[in-house]
file data.cif (mmCIF, C-alpha atoms)
data_structure
#
loop_
_atom_site.label_atom_id
_atom_site.label_comp_id
_atom_site.auth_asym_id
_atom_site.auth_seq_id
_atom_site.Cartn_x
_atom_site.Cartn_y
_atom_site.Cartn_z
CA MET A 11 12.55 -11.89 3.58
CA SER A 12 13.98 -11.20 0.13
CA ASP A 13 12.35 -11.22 -3.27
CA ARG A 14 14.13 -14.53 -3.87
CA ASP A 15 11.63 -16.04 -1.43
CA PHE A 16 8.98 -15.56 -4.13
CA ASN A 17 10.41 -17.97 -6.69
CA PHE A 18 7.00 -18.42 -8.29
CA GLU A 19 7.03 -14.80 -9.50
CA TYR A 20 8.01 -14.04 -13.07
CA LYS A 21 9.58 -10.80 -11.84
CA PRO A 22 9.44 -9.17 -8.39
CA GLY A 23 5.87 -8.00 -7.97
CA LEU A 24 4.59 -9.71 -11.12
CA PRO A 25 2.95 -13.14 -10.92
CA ALA A 26 3.17 -13.69 -14.69
CA PRO A 27 4.77 -12.14 -17.79
CA LEU A 28 3.09 -8.97 -18.99
CA PRO A 29 1.17 -9.14 -22.27
CA ALA A 30 2.82 -7.83 -25.40
CA GLY A 31 2.77 -4.05 -25.47
CA GLU A 32 2.46 -3.66 -21.69
CA ASP A 33 5.44 -2.18 -19.87
CA ILE A 34 6.35 -1.37 -16.29
CA LEU A 35 6.33 2.39 -15.71
CA TRP A 36 6.96 2.48 -11.96
CA GLN A 37 7.64 0.16 -9.05
CA GLY A 38 7.98 0.91 -5.38
CA LYS A 39 7.20 -0.14 -1.84
CA PRO A 40 6.17 1.55 1.42
CA ASP A 41 8.59 3.54 3.53
CA THR A 42 8.84 1.61 6.80
CA ALA A 43 8.93 4.57 9.18
CA THR A 44 5.99 6.27 7.47
CA LEU A 45 3.97 3.04 7.37
CA ALA A 46 4.65 2.48 11.07
CA ARG A 47 3.49 5.99 11.86
CA GLU A 48 0.40 6.17 9.64
CA ALA A 49 -0.91 2.61 9.52
CA PHE A 50 0.34 1.07 12.76
CA LYS A 51 0.01 4.26 14.84
CA ILE A 52 3.38 3.70 16.45
CA ARG A 53 3.49 7.18 17.96
CA TRP A 54 0.13 6.74 19.69
CA ILE A 55 1.03 3.31 21.06
CA THR A 56 4.45 4.40 22.31
CA GLY A 57 3.05 7.63 23.70
CA TYR A 58 0.39 5.74 25.62
CA MET A 59 3.00 3.43 27.11
CA LEU A 60 5.19 6.38 28.14
CA VAL A 61 2.28 8.21 29.75
CA LEU A 62 1.41 5.03 31.64
CA ALA A 63 5.04 4.74 32.77
CA LEU A 64 5.13 8.34 33.99
CA TRP A 65 1.82 7.93 35.79
CA GLN A 66 3.07 4.83 37.57
CA GLY A 67 6.35 6.54 38.41
CA GLY A 68 4.56 9.59 39.78
CA SER A 69 2.25 7.48 41.91
CA ALA A 70 5.20 5.48 43.23
CA TYR A 71 7.12 8.66 44.03
CA ALA A 72 4.20 9.99 46.05
CA ASP A 73 3.99 6.72 47.95
CA GLY A 74 7.64 5.89 48.58
CA GLY A 75 10.03 8.48 47.16
CA ALA A 76 12.51 8.52 44.30
CA GLY A 77 13.91 5.02 44.74
CA TYR A 78 10.48 3.42 44.73
CA ALA A 79 9.48 5.56 41.72
CA ILE A 80 12.49 4.44 39.69
CA ALA A 81 11.84 0.81 40.53
CA ARG A 82 8.25 1.16 39.31
CA LEU A 83 9.20 3.27 36.28
CA ILE A 84 11.84 1.02 34.72
CA PRO A 85 9.56 -1.97 33.89
CA TYR A 86 7.07 0.31 32.15
CA LEU A 87 9.82 1.99 30.17
CA VAL A 88 11.02 -1.44 29.09
CA LEU A 89 7.47 -2.27 27.98
CA ALA A 90 7.30 0.99 26.00
CA VAL A 91 10.54 0.20 24.20
CA ALA A 92 9.38 -3.36 23.53
CA ALA A 93 6.05 -2.13 22.15
CA TYR A 94 7.87 0.28 19.84
CA GLY A 95 10.13 -2.51 18.60
CA VAL A 96 7.27 -4.94 17.96
CA VAL A 97 5.14 -2.40 16.09
CA TYR A 98 8.08 -1.18 14.03
CA GLY A 99 9.00 -4.78 13.22
CA LEU A 100 5.48 -5.49 11.95
CA ALA A 101 5.60 -2.38 9.76
CA TRP A 102 9.02 -3.41 8.45
CA MET A 103 7.76 -6.86 7.46
CA GLN A 104 4.73 -5.43 5.65
CA ALA A 105 6.82 -2.82 3.86
CA ARG A 106 9.50 -5.29 2.81
CA ALA A 107 6.97 -7.83 1.50
CA ALA A 108 4.97 -5.32 -0.55
CA ILE A 109 5.71 -4.32 -4.13
CA TYR A 110 3.53 -1.82 -5.99
CA THR A 111 3.66 -1.75 -9.79
CA ILE A 112 2.19 0.68 -12.31
CA THR A 113 2.15 -0.39 -15.94
CA ASN A 114 0.66 1.35 -18.95
CA ALA A 115 -2.54 -0.70 -18.46
CA ARG A 116 -3.04 -1.43 -14.75
CA VAL A 117 -1.89 -1.21 -11.16
CA ILE A 118 -0.57 -4.35 -9.46
CA LEU A 119 -0.25 -4.72 -5.69
CA ARG A 120 1.68 -7.68 -4.35
CA VAL A 121 1.12 -7.52 -0.60
CA GLY A 122 1.12 -9.75 2.47
CA ALA A 123 4.00 -10.64 4.78
CA ALA A 124 2.81 -14.08 5.87
CA LEU A 125 0.68 -15.02 2.86
CA PRO A 126 1.54 -13.03 -0.31
CA ILE A 127 -1.41 -12.11 -2.50
CA THR A 128 -1.51 -10.13 -5.74
CA TYR A 129 -4.24 -7.67 -6.69
CA THR A 130 -4.53 -6.54 -10.30
CA LEU A 131 -6.47 -3.34 -10.97
CA PRO A 132 -6.92 -2.53 -14.67
CA PHE A 133 -7.36 1.16 -15.43
CA THR A 134 -10.84 0.33 -16.72
CA CYS A 135 -11.82 -0.73 -13.17
CA ILE A 136 -10.44 2.39 -11.47
CA GLU A 137 -12.87 5.27 -11.12
CA THR A 138 -10.70 7.84 -9.33
CA ALA A 139 -7.33 8.09 -7.61
CA SER A 140 -6.55 10.38 -4.68
CA LEU A 141 -3.16 11.38 -3.28
CA ALA A 142 -2.51 12.23 0.37
CA SER A 143 1.04 13.55 0.83
CA ASP A 144 2.74 14.40 4.11
CA GLY A 145 4.63 17.25 2.45
CA ILE A 146 7.77 16.61 4.53
CA LYS A 147 9.61 13.53 3.31
CA GLY A 148 7.76 13.40 -0.01
CA THR A 149 6.01 10.21 1.03
CA GLY A 150 2.29 9.79 0.53
CA THR A 151 -0.58 7.39 -0.07
CA LEU A 152 -2.17 6.92 -3.48
CA ALA A 153 -5.65 5.45 -2.99
CA LEU A 154 -7.61 3.89 -5.83
CA GLN A 155 -11.40 3.95 -5.86
CA THR A 156 -12.77 1.14 -7.99
CA LYS A 157 -16.05 1.21 -9.88
CA GLY A 158 -17.62 -1.35 -7.57
CA ASN A 159 -17.13 -4.24 -9.98
CA MET A 160 -14.39 -5.81 -7.84
CA ARG A 161 -14.83 -7.78 -4.62
CA LEU A 162 -12.23 -6.50 -2.18
CA SER A 163 -11.67 -7.24 1.49
CA TYR A 164 -10.53 -4.45 3.80
CA ALA A 165 -9.08 -6.95 6.26
CA VAL A 166 -7.05 -8.79 3.61
CA LEU A 167 -5.81 -5.59 2.01
CA TRP A 168 -4.82 -3.85 5.25
CA PRO A 169 -2.54 -1.93 5.65
CA HIS A 170 -2.43 -1.41 1.88
CA VAL A 171 -5.81 0.27 1.85
CA ARG A 172 -7.23 3.74 2.44
CA PRO A 173 -8.06 4.09 6.15
CA TRP A 174 -11.67 3.88 7.31
CA HIS A 175 -13.16 3.07 3.89
CA ILE A 176 -14.39 -0.31 5.08
CA ARG A 177 -17.65 -0.86 3.19
CA LEU A 178 -16.07 -0.03 -0.17
CA PRO A 179 -12.34 -0.66 0.32
CA GLN A 180 -9.93 1.44 -1.70
CA PRO A 181 -6.63 -0.32 -2.45
CA ALA A 182 -3.75 2.03 -1.79
CA LEU A 183 -0.09 2.44 -2.60
CA ARG A 184 0.62 3.21 1.03
CA ALA A 185 3.40 5.44 2.37
CA ILE A 186 5.38 5.44 -0.86
CA PRO A 187 8.39 7.69 -1.44
CA ASP A 188 8.07 10.22 -4.29
CA ALA A 189 4.30 9.85 -4.11
CA THR A 190 3.69 12.87 -6.35
CA GLN A 191 5.79 11.35 -9.13
CA ALA A 192 3.97 8.02 -8.85
CA ALA A 193 0.61 9.80 -9.00
CA ARG A 194 1.67 11.72 -12.10
CA ILE A 195 2.84 8.54 -13.81
CA LEU A 196 -0.46 6.83 -12.99
CA ALA A 197 -2.52 9.79 -14.22
CA ASP A 198 -0.61 10.06 -17.50
CA ALA A 199 -0.77 6.31 -18.15
CA ALA A 200 -4.48 6.10 -17.37
CA GLN A 201 -5.26 9.09 -19.57
CA ALA A 202 -3.26 7.62 -22.44
CA LYS A 203 -5.08 4.30 -22.02
CA ILE A 204 -8.48 6.00 -22.05
CA ASN A 205 -7.62 7.98 -25.18
CA GLU A 206 -6.14 4.94 -26.90
CA PRO A 207 -7.99 4.42 -30.21
CA ARG A 208 -10.06 1.28 -30.36
CA ILE A 209 -10.21 -0.52 -33.72
CA SER A 210 -13.29 -2.62 -34.25
CA ARG A 211 -13.24 -5.43 -36.74
CA THR A 212 -16.20 -5.82 -39.07
CA ALA A 213 -16.98 -8.55 -41.51
CA PRO A 214 -15.65 -7.74 -45.00
CA GLN A 215 -18.08 -6.99 -47.78
CA ASP A 216 -19.25 -9.98 -49.81
CA ALA A 217 -16.40 -10.52 -52.24
CA GLY A 218 -18.59 -12.72 -54.43
CA LEU A 219 -20.62 -9.85 -55.83
CA VAL A 220 -19.87 -9.08 -59.44
CA ALA A 221 -21.00 -6.24 -61.64
CA ALA A 222 -24.05 -6.87 -63.77
CA GLU A 223 -23.27 -7.58 -67.35
#

call {"tool": "encode", "arguments": {"input": "data.cif", "output": "structure tokens"}}
result
Amino acid sequence: MSDRDFNFEYKPGLPAPLPAGEDILWQGKPDTATLAREAFKIRWITGYMLVLALWQGGSAYADGGAGYAIARLIPYLVLAVAAYGVVYGLAWMQARAAIYTITNARVILRVGAALPITYTLPFTCIETASLASDGIKGTGTLALQTKGNMRLSYAVLWPHVRPWHIRLPQPALRAIPDATQAARILADAAQAKINEPRISRTAPQDAGLVAAE
């Protein structure tokens, strides 16, 4: 699936043109291998299948020797490889469909492999942001805790959400490369937005007043 499949988008990841004065500071998407490992638990699933295969092979060897063990082992190994391929394929589809965007006013998450949906999180609605980095590949997850004034669904957001925060879901830029840089860009942009001077307009003084003669 390419970004050309989303012809309704103004730009990849953006459902509409940005307002005047708002600019894109960063865009990215999940790393497939990291997403498969952290969100889809591909290591646990594959490991379970391999343990099951070895257990079946060992039992067969005890019952009928090496030939019988190999005959029992091969189907389970095929299932383990198939499970790995299916889980990795699901992670690949989610990673390819997702686009995360940070502007100087908000965070935009376009997510969903089957049914794309866009979440817009203005800085004014974000209370805190937390970064969890793996420290190896430089990938990490940047989770955004909202102020509770947004109705979010954990099931709809998944896997682009902080794990296990179900009651109050935290949208997340999941498994992104250069996560530290993205977090720094978000922090600087949010701080600049908070410190941005606000000009209030007041009614002008009554111009009809004239000095007493």

call {"tool": "atom_distance", "arguments": {"input": "data.cif", "atom1": "atom CA of Ala115 of chain A", "atom2": "atom CA of Lys203 of chain A"}}
result
6.6 Å

call {"tool": "residues_around", "arguments": {"input": "data.cif", "residues": "Met160 of chain A", "least_positions_apart": "3", "cutoff": "9 Å", "atoms": "only C-alpha atoms", "output": "number ranges by chain"}}
result
A: 131, 135, 156-157

call {"tool": "closest_residue", "arguments": {"input": "data.cif", "among": "A:Leu125, A:Ala93, A:Ala76, A:Ala165", "to": "Ala107 of chain A", "atoms": "only C-alpha atoms"}}
result
A:Leu125

call {"tool": "resolve_selection", "arguments": {"input": "data.cif", "expression": "the PyMOL selection byres ((chain A and resi 184-186) around 6)", "output": "list in words"}}
result
Lys39, Pro40, Asp41, Thr44, Leu45, Thr149, Gly150, Thr151, His170, Ala182, Leu183, Pro187 and Ala189 of chain A

call {"tool": "closest_residue", "arguments": {"input": "data.cif", "among": "A:Thr42, A:Asn114, A:Thr138, A:Thr130", "to": "Tyr98 of chain A", "atoms": "only C-alpha atoms"}}
result
A:Thr42

call {"tool": "atom_distance", "arguments": {"input": "data.cif", "atom1": "atom CA of Ser143 of chain A", "atom2": "atom CA of Ile55 of chain A"}}
result
22.7 Å
